[in-house]
Every structure is written in structure tokens, then in C-alpha cells.
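Before any comments, here is the structure.
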Amino acid sequence: MGYQTDVEARGAGQGQSWLAAALDRYFRISHFGSTVRTEILAGLTTFLAASYVIVVNPAILLPAGIPFSAGVTATVLVSFIGSCAMGLYARSPILVAPGMGINALFTYTMVLGAKVPLEIALGCVLWAGVLFTIMAILDLRTAVIEAIPADLRYGIACGIGLFIALIGLVNAKFIVSNADTIVGLTHFSPVTLTFIAGFIVTVALVVRRLPGAMMLGMIITTLLAIPIGRWWGDGAAFNAGTPDLHTLVNWSGLTAAPDFSFVGKIDLLGALQFAYAPFIFVFLFTNFVEALSTFLGLAEAADLKDENGMPRNVKQSMHVDAVAALISAPLGTSPATVYLESGAGIAQGGRTGLVALVSGLLFLPFLFLSPLLSLVPAIATAPVLILTGLFMSEPMGRIQWSSMEDAIPAFLAIVLIPLTFSITLGLSLAVIAYVLLKLLAGKPGEVRPVMWFVAVLAAMLVLQVQA
């Protein structure tokens, strides 16, 4: 279910061009009830929803010592390679880019907080990527997916949906921190009123099922922002404390040359010291859980599953995700992972790897054109993220609410993923609750051995975060 545009099954048709016919055959677009046009629009939508990463990720890595221009180059290359591989090899409509959240962990917890030298920190990222790749080759993540019960999968999907919607509301500065109520409604301003207008327009386009509605909504909201008097870079709204992107990007022109100066600056042997093992574990487990959760959430929400009820092409997708994480450190950035904003393209009707391929190709020009991205304000992507959250909340009705030992972990995933502002922590706590509740209910036999192992790792992660 969820919003789709023009997704009725259609054959190649005599009027199709040879390219459209070839794309249809390779990606099985008609088979999955979509069209080449819908897939391309969905790819554009996904890219626009996630394009903030090109300037926000380098801004977060800058305090760690990675030059902003080098961070832009690394971000673009990783996103281009990872997303294109996801589309062409895994044939999955999921975008890959350097992970938000784990980049802050890299900069503020590891490099600035623990005083780990930058080259060694990148070495830890690489070794985590090596372990991640080994897990993918051994197909260990597929075993974990099979061990997670259906109700918990539904809860993960809904929790991620609410998390995406919360990010949208925060990006629009519509929901803000409040000393008395923790969070609260902002005071209306030109920014929030523009967001509301853009949200209404986007909803109207979606309700009328106009092809490319979400992408059009972002474009119209961007145009509505012009009278406010300035352009907002997404980073300023997305991450409190992020440096002002207007001071980081070269505004003397629309182009900026790629910077390869930080490629290969990595200390592999230094990262193997025992003192850095906890950081390797945190990178590994965080990437593992976030990727796993995103795959499950998007598959459940969009019914992107095979005949066995597993996420479609999950093994190949895990391989791509692992390789993207592996190449991140040598290129000069924190680990890559699959992106929540992929839900925006899926909500637009995208169902195949052509979505990820289009998104990936759109990254490449921004090796030279990164200043252009700051022209798309955070309030323009916010309506799309909120509607994506709605789309991903559909599985909530499938949870067996009458079975407490199944419903409680699912409910915890739903509320803790957005409230902790962390997929990793929310899922970890939900997994721990699931295992404990099955044990207390006298049903330990219903917990697969893999889940016991994951629960132990989850407990270690929670304790590490609390330390």
C-alpha cells in the first residue's frame, strides 16, 4: 500500500524505445508493476531527498580534520559507486551514501572525544568494513533477518517511518526543543509558513496522484522559499551545531573542483591496537543494525519481498552495502550505509534497481557542482520525508497486539527509534526486550539461536553508549 503513481503493470509496448525496452527487461520493471518513467522520477525524488548529504557529511567531518572539499569529493564518490552498484548488481531501489549519525560518532566521539588520530580512526572504519564484508560473504546478515519475527519487523518499519517524519519536521524547524516539554511547536516564522505552504502543495499533488508529485513538491517548495530572502543549506537545519555551509562552500561560482588530497590517508596497522577494538565493534554493529533495519523497514512498507517473505535480493544488497562501507575510509569519509530517504522514491512508486541507478548517476556531476545543492532548502525536502513516514507506517496494522510478548518489542521499536533519534539504539532495545519477554513468558524455544547472539551484541552496544 502507500502512495504510488502510475504503477499499473505494463508491457514493453511497441512504442517503447530500445533503451526503455532494455531497461525494462534488465530491471524487470513491468514485472514489478512499474514503468521506466515512474522509476526515473522515483530516482530523482530519492536523490533530491538525500542530496543534503553531499554538503552535510563533509561539514560534520570537517572538525575531525578532513578538509571540506575533500569530504565533498569522498561523499560524492562513495554515493555514486554504492548507489549504482545497488541498482545494477542488487537491482534494489535503495540509495547508498555515508551514514548520518555514524559520521558524528566518528568525528565527535572518536576523533575529538577519545582523541584518536584521524588516520587511525579511518583505519578503524576500514577494518569494520572488512568484517562487514566477511559477514556479507558468509551470509550472516540474511540469517539474522530470517531470525527476526514478523511483528518486530513491522515495528521496525513503523519506527523508521516515524523517525523519517520526525527528521522532516525538525528539518523544517516546525518541531523544536523545548526546556519545559522536551519538544514543542515552533513559533511561526517565514520559514515555517513556507514549509506549511509547501506541505499543503505536496499533499495536494500526492492526493491527485500526479506523476512525480513528490519531486514537484520539492521544486515548488524551493521556489516558494525565494521571497524569504536567503537560501538555506540543508545542513543548518538538519544538524544543530553544523558549521554554516555558506562559509564552507565556494560561493564565487557554481562550480568547485574535486579534491582528492585525502584519498588513501589511512593507518591500517595503527588501528589494530587493542585500545581501538571497541570503536571497530561500534562501527561494525551500528552499520549492521542500521542497514538491516532499513532493508527490513522498506521491504515491509513497500512489499519489496520475494516468495519466501524475505526482502528482495537481500543477499546481493548486503554485498553492495558491505563493499560501500569498505571503500569509504580509503576515499576519506566515515562508513557508507543504505539510506532512509530511499523511502521517498519508493513512495513515489519506484520498485526496481533503476531508482538507485538514477540516484547514483545524479551524484556524479556534483563532484564539480556541489554549491548548487545549497539552493534546495531543508524545508523543501521536509514534506516528502513526512509523507514517506506516513507511507512506512502502514505495517502497524499487521502487528498482533493481542500477543503481549510480541507486541511490546514491536511497540518499543516504534517509539524508541524516533525518540532516541537512533535506529541502532531503538532496534537494540527492542531486540533485548523481545528475548527477555520470551524468556519470562516461558517460551525461550521460540527465540532462534541467532537472536540470542544479536541480543548480547545489542546489550554490549547499549552499555558502550552509556559508558
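Just remember, in the C-alpha cells the first chain shown is A, the second B, etc., residues are 1-based per chain, and ligands are 1-based in the order shown.
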Legend entry - Residues near range 187-203 of chain A, cut-off 12 Å, only C-alpha atoms, skip fewer than 6 positions along chain, as an MDAnalysis selection string: chainID A and resid 3 168:178 209:232 237 348 377:388 390
Give me a file of those residues, with N, CA and C atoms, as a short mmCIF file (atom, residue, chain, number, x, y, z; two decimals), in the first residue's frame.
```cif
data_model
loop_
_atom_site.label_atom_id
_atom_site.label_comp_id
_atom_site.auth_asym_id
_atom_site.auth_seq_id
_atom_site.Cartn_x
_atom_site.Cartn_y
_atom_site.Cartn_z
N TYR A 3 1.40 5.55 -1.19
CA TYR A 3 1.21 6.35 -2.40
C TYR A 3 2.07 5.84 -3.54
N GLY A 168 11.96 15.15 9.09
CA GLY A 168 11.36 16.17 8.24
C GLY A 168 10.85 17.35 9.03
N LEU A 169 10.18 17.08 10.14
CA LEU A 169 9.64 18.16 10.97
C LEU A 169 10.75 18.98 11.61
N VAL A 170 11.84 18.31 11.99
CA VAL A 170 12.98 19.04 12.56
C VAL A 170 13.69 19.84 11.48
N ASN A 171 13.85 19.25 10.29
CA ASN A 171 14.47 19.98 9.18
C ASN A 171 13.74 21.27 8.88
N ALA A 172 12.40 21.22 8.97
CA ALA A 172 11.58 22.40 8.67
C ALA A 172 11.53 23.36 9.84
N LYS A 173 12.19 23.00 10.94
CA LYS A 173 12.17 23.80 12.17
C LYS A 173 10.72 24.01 12.66
N PHE A 174 9.87 23.03 12.36
CA PHE A 174 8.48 23.06 12.80
C PHE A 174 8.37 22.48 14.20
N ILE A 175 9.15 21.44 14.49
CA ILE A 175 9.28 20.88 15.83
C ILE A 175 10.66 21.25 16.36
N VAL A 176 10.69 21.85 17.55
CA VAL A 176 11.95 22.32 18.12
C VAL A 176 12.07 21.84 19.56
N SER A 177 13.26 21.94 20.10
CA SER A 177 13.46 21.57 21.50
C SER A 177 12.78 22.59 22.41
N ASN A 178 12.30 22.09 23.54
CA ASN A 178 11.60 22.95 24.49
C ASN A 178 12.02 22.54 25.90
N ARG A 209 -2.63 12.21 -7.25
CA ARG A 209 -1.83 11.18 -7.91
C ARG A 209 -1.17 11.69 -9.19
N LEU A 210 -0.64 12.89 -9.11
CA LEU A 210 0.07 13.47 -10.23
C LEU A 210 1.43 12.79 -10.38
N PRO A 211 1.81 12.32 -11.55
CA PRO A 211 3.13 11.69 -11.72
C PRO A 211 4.25 12.63 -11.27
N GLY A 212 5.18 12.11 -10.49
CA GLY A 212 6.28 12.92 -10.00
C GLY A 212 5.88 13.91 -8.93
N ALA A 213 4.79 13.60 -8.20
CA ALA A 213 4.22 14.56 -7.24
C ALA A 213 5.22 15.00 -6.19
N MET A 214 5.98 14.06 -5.64
CA MET A 214 6.90 14.42 -4.56
C MET A 214 8.04 15.28 -5.07
N MET A 215 8.57 14.94 -6.23
CA MET A 215 9.64 15.75 -6.80
C MET A 215 9.13 17.15 -7.13
N LEU A 216 7.93 17.22 -7.70
CA LEU A 216 7.34 18.53 -8.00
C LEU A 216 7.11 19.33 -6.73
N GLY A 217 6.71 18.64 -5.65
CA GLY A 217 6.51 19.30 -4.37
C GLY A 217 7.78 19.93 -3.85
N MET A 218 8.91 19.23 -4.01
CA MET A 218 10.19 19.78 -3.57
C MET A 218 10.58 21.00 -4.40
N ILE A 219 10.36 20.91 -5.70
CA ILE A 219 10.71 22.03 -6.58
C ILE A 219 9.85 23.26 -6.26
N ILE A 220 8.55 23.05 -6.09
CA ILE A 220 7.64 24.17 -5.80
C ILE A 220 7.98 24.79 -4.45
N THR A 221 8.28 23.96 -3.45
CA THR A 221 8.62 24.50 -2.13
C THR A 221 9.92 25.30 -2.19
N THR A 222 10.88 24.82 -2.99
CA THR A 222 12.12 25.58 -3.18
C THR A 222 11.83 26.95 -3.78
N LEU A 223 10.95 27.00 -4.77
CA LEU A 223 10.59 28.27 -5.39
C LEU A 223 9.84 29.17 -4.40
N LEU A 224 9.00 28.56 -3.56
CA LEU A 224 8.27 29.35 -2.57
C LEU A 224 9.22 29.98 -1.55
N ALA A 225 10.40 29.39 -1.37
CA ALA A 225 11.35 29.90 -0.37
C ALA A 225 12.08 31.15 -0.84
N ILE A 226 12.02 31.45 -2.13
CA ILE A 226 12.77 32.61 -2.65
C ILE A 226 12.41 33.92 -1.95
N PRO A 227 11.12 34.23 -1.73
CA PRO A 227 10.80 35.53 -1.12
C PRO A 227 11.27 35.69 0.32
N ILE A 228 11.66 34.61 0.97
CA ILE A 228 12.11 34.72 2.37
C ILE A 228 13.35 35.59 2.46
N GLY A 229 14.18 35.57 1.42
CA GLY A 229 15.31 36.49 1.43
C GLY A 229 16.67 35.84 1.44
N ARG A 230 16.73 34.50 1.63
CA ARG A 230 18.02 33.80 1.55
C ARG A 230 17.75 32.34 1.26
N TRP A 231 18.79 31.66 0.88
CA TRP A 231 18.67 30.21 0.64
C TRP A 231 19.23 29.50 1.87
N TRP A 232 18.57 28.44 2.30
CA TRP A 232 19.04 27.66 3.45
C TRP A 232 19.70 26.39 2.97
N ALA A 237 19.77 23.09 9.00
CA ALA A 237 18.53 22.65 9.62
C ALA A 237 18.62 21.21 10.07
N GLN A 348 7.14 7.21 -4.13
CA GLN A 348 6.80 7.80 -5.43
C GLN A 348 6.41 6.73 -6.45
N PRO A 377 16.49 24.17 -0.06
CA PRO A 377 16.43 24.31 1.40
C PRO A 377 15.87 23.06 2.08
N ALA A 378 16.16 22.92 3.35
CA ALA A 378 15.66 21.76 4.10
C ALA A 378 14.14 21.72 4.12
N ILE A 379 13.50 22.88 4.11
CA ILE A 379 12.04 22.89 4.15
C ILE A 379 11.43 22.33 2.87
N ALA A 380 12.23 22.22 1.79
CA ALA A 380 11.71 21.66 0.54
C ALA A 380 11.65 20.15 0.60
N THR A 381 12.58 19.51 1.32
CA THR A 381 12.56 18.05 1.42
C THR A 381 11.69 17.59 2.59
N ALA A 382 11.40 18.46 3.53
CA ALA A 382 10.64 18.08 4.72
C ALA A 382 9.26 17.47 4.40
N PRO A 383 8.44 18.08 3.50
CA PRO A 383 7.13 17.47 3.21
C PRO A 383 7.24 16.05 2.68
N VAL A 384 8.25 15.80 1.86
CA VAL A 384 8.45 14.47 1.29
C VAL A 384 8.80 13.47 2.39
N LEU A 385 9.66 13.87 3.32
CA LEU A 385 10.05 12.97 4.41
C LEU A 385 8.85 12.66 5.30
N ILE A 386 8.01 13.63 5.56
CA ILE A 386 6.83 13.40 6.39
C ILE A 386 5.87 12.43 5.71
N LEU A 387 5.64 12.62 4.42
CA LEU A 387 4.75 11.72 3.69
C LEU A 387 5.36 10.32 3.58
N THR A 388 6.68 10.24 3.50
CA THR A 388 7.35 8.94 3.49
C THR A 388 7.13 8.23 4.82
N LEU A 390 4.51 8.54 6.69
CA LEU A 390 3.14 8.02 6.61
C LEU A 390 3.10 6.73 5.83
#
```
Where does range 242-329 of chain A meet range 110-126 of chain A within 7 Å, residue by residue, with the nearest atom pair and distance in Å to one decimal for each, counting only C-alpha atoms, listed by chain and rising number, as a Markdown table?
```
| residue | atom | partner | partner_atom | distance |
| --- | --- | --- | --- | --- |
| A:Lys265 | CA | A:Glu119 | CA | 6.0 |
| A:Ile266 | CA | A:Glu119 | CA | 4.4 |
| A:Asp267 | CA | A:Ile120 | CA | 4.9 |
| A:Leu268 | CA | A:Gly123 | CA | 4.7 |
| A:Gly270 | CA | A:Ile120 | CA | 5.8 |
| A:Ala271 | CA | A:Ile120 | CA | 5.0 |
| A:Phe279 | CA | A:Cys124 | CA | 6.8 |
| A:Ile280 | CA | A:Cys124 | CA | 5.2 |
| A:Phe283 | CA | A:Val125 | CA | 6.7 |
| A:Leu326 | CA | A:Leu126 | CA | 5.7 |
| A:Ala329 | CA | A:Leu122 | CA | 5.2 |
```
Residue subset to file, keeping C-alpha atoms, as a PDB file, in the first residue's frame:
```pdb
ATOM      1  CA  LYS A 265      45.313   8.779   4.194  1.00  0.00           C
ATOM      2  CA  ILE A 266      44.685   5.832   6.475  1.00  0.00           C
ATOM      3  CA  ASP A 267      46.680   3.946   9.145  1.00  0.00           C
ATOM      4  CA  LEU A 268      45.701   0.277   8.957  1.00  0.00           C
ATOM      5  CA  GLY A 270      47.811   1.538  13.958  1.00  0.00           C
ATOM      6  CA  ALA A 271      44.086   0.802  14.010  1.00  0.00           C
ATOM      7  CA  PHE A 279      35.484   1.551  18.098  1.00  0.00           C
ATOM      8  CA  ILE A 280      35.752  -1.086  15.360  1.00  0.00           C
ATOM      9  CA  PHE A 283      31.206   0.929  13.671  1.00  0.00           C
ATOM     10  CA  LEU A 326      34.694  -0.946   2.830  1.00  0.00           C
ATOM     11  CA  ALA A 329      37.684   5.053   4.576  1.00  0.00           C
TER      12      ALA A 329
END
```
Inset, instruction - Can you pull out every residue within 7 Å of range 288-299 of chain A, counting only C-alpha atoms, but drop anything in the same chain fewer than 6 positions away, and send it as number ranges by chain? - result: A: 153, 156-157, 160, 305, 311, 337-338, 340, 343, 423-424
Legend entry - DSSP-assigned helix (DSSP H, G or I) members of range 8-153 of chain A, reported as a VMD selection string: chain A and resid 18 to 27 36 to 50 53 to 64 68 to 90 102 to 113 118 to 137 140 to 147 150 to 153
Would you put the residues from that selection into a file with C-alpha atoms, as a short mmCIF file (atom, residue, chain, number, x, y, z; two decimals), in the first residue's frame?
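For reference, again19.cif as written:
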```
data_model
loop_
_atom_site.label_atom_id
_atom_site.label_comp_id
_atom_site.auth_asym_id
_atom_site.auth_seq_id
_atom_site.Cartn_x
_atom_site.Cartn_y
_atom_site.Cartn_z
CA TRP A 18 15.06 0.26 -27.48
CA LEU A 19 16.65 1.79 -24.35
CA ALA A 20 13.38 1.73 -22.40
CA ALA A 21 12.78 -1.84 -23.52
CA ALA A 22 16.29 -2.87 -22.46
CA LEU A 23 15.88 -1.21 -19.05
CA ASP A 24 12.50 -2.87 -18.65
CA ARG A 25 13.98 -6.31 -19.36
CA TYR A 26 17.07 -5.90 -17.17
CA PHE A 27 15.32 -4.44 -14.12
CA VAL A 36 10.56 3.33 -16.77
CA ARG A 37 9.13 6.84 -16.35
CA THR A 38 7.98 6.11 -12.80
CA GLU A 39 11.37 4.61 -11.88
CA ILE A 40 13.27 7.62 -13.21
CA LEU A 41 11.00 10.06 -11.35
CA ALA A 42 11.44 7.96 -8.21
CA GLY A 43 15.24 8.10 -8.65
CA LEU A 44 15.11 11.88 -8.95
CA THR A 45 12.92 12.07 -5.84
CA THR A 46 15.27 9.86 -3.82
CA PHE A 47 18.29 11.90 -4.89
CA LEU A 48 16.69 15.23 -4.02
CA ALA A 49 15.56 13.89 -0.64
CA ALA A 50 19.08 12.67 0.20
CA VAL A 53 24.48 14.51 2.41
CA ILE A 54 26.86 15.98 -0.19
CA VAL A 55 27.38 19.10 1.90
CA VAL A 56 26.27 18.00 5.36
CA ASN A 57 28.55 14.96 5.66
CA PRO A 58 31.71 16.98 4.84
CA ALA A 59 30.59 19.68 7.30
CA ILE A 60 30.36 17.09 10.08
CA LEU A 61 33.72 15.53 9.15
CA LEU A 62 35.46 18.92 9.00
CA PRO A 63 36.12 19.25 12.78
CA ALA A 64 37.84 15.84 12.65
CA PHE A 68 35.55 20.23 3.43
CA SER A 69 36.35 19.95 -0.29
CA ALA A 70 37.95 16.53 0.23
CA GLY A 71 34.88 15.44 2.20
CA VAL A 72 32.61 16.51 -0.66
CA THR A 73 34.65 14.50 -3.15
CA ALA A 74 34.64 11.40 -0.93
CA THR A 75 30.90 11.70 -0.25
CA VAL A 76 30.04 12.02 -3.94
CA LEU A 77 32.27 9.10 -5.00
CA VAL A 78 31.01 6.73 -2.31
CA SER A 79 27.38 7.64 -3.02
CA PHE A 80 27.87 7.28 -6.78
CA ILE A 81 29.65 3.92 -6.59
CA GLY A 82 27.44 2.45 -3.85
CA SER A 83 24.11 3.52 -5.33
CA CYS A 84 24.97 2.47 -8.89
CA ALA A 85 26.16 -0.91 -7.62
CA MET A 86 22.96 -1.28 -5.61
CA GLY A 87 20.95 -0.64 -8.75
CA LEU A 88 22.96 -2.66 -11.25
CA TYR A 89 24.06 -5.64 -9.12
CA ALA A 90 21.44 -5.93 -6.38
CA ILE A 102 27.73 7.45 12.38
CA ASN A 103 29.66 10.40 10.90
CA ALA A 104 29.00 12.35 14.11
CA LEU A 105 30.14 9.30 16.10
CA PHE A 106 33.34 9.28 14.02
CA THR A 107 34.05 13.00 14.49
CA TYR A 108 32.79 13.92 17.93
CA THR A 109 33.07 10.66 19.88
CA MET A 110 36.14 9.08 18.35
CA VAL A 111 38.41 11.80 16.95
CA LEU A 112 37.53 14.78 19.16
CA GLY A 113 36.25 12.95 22.25
CA LEU A 118 42.38 10.82 12.25
CA GLU A 119 44.32 8.31 10.12
CA ILE A 120 43.84 5.61 12.77
CA ALA A 121 40.13 6.45 13.04
CA LEU A 122 39.81 5.90 9.29
CA GLY A 123 41.72 2.65 9.76
CA CYS A 124 39.11 1.52 12.29
CA VAL A 125 36.42 2.32 9.74
CA LEU A 126 38.21 0.18 7.16
CA TRP A 127 38.65 -2.82 9.48
CA ALA A 128 34.98 -2.60 10.40
CA GLY A 129 34.25 -2.63 6.67
CA VAL A 130 36.42 -5.74 6.24
CA LEU A 131 34.48 -7.57 8.96
CA PHE A 132 31.24 -6.28 7.47
CA THR A 133 32.22 -7.71 4.07
CA ILE A 134 33.13 -11.08 5.60
CA MET A 135 29.71 -11.19 7.28
CA ALA A 136 28.08 -10.44 3.92
CA ILE A 137 30.07 -13.15 2.12
CA LEU A 140 25.32 -13.97 8.29
CA ARG A 141 23.04 -10.94 7.94
CA THR A 142 20.49 -12.96 5.99
CA ALA A 143 20.44 -15.43 8.88
CA VAL A 144 19.70 -12.56 11.27
CA ILE A 145 16.89 -11.27 9.06
CA GLU A 146 15.31 -14.74 8.98
CA ALA A 147 15.52 -14.91 12.79
CA ALA A 150 7.36 -10.71 11.73
CA ASP A 151 5.85 -8.46 14.41
CA LEU A 152 9.23 -6.97 15.23
CA ARG A 153 9.84 -6.37 11.51
#
```
Inset, instruction - DSSP on the backbone, then: every residue of range 247-444 of chain A marked strand (DSSP E or B), written as JSON, numbers by chain. - result: {"A": [305, 311, 336, 337, 338]}
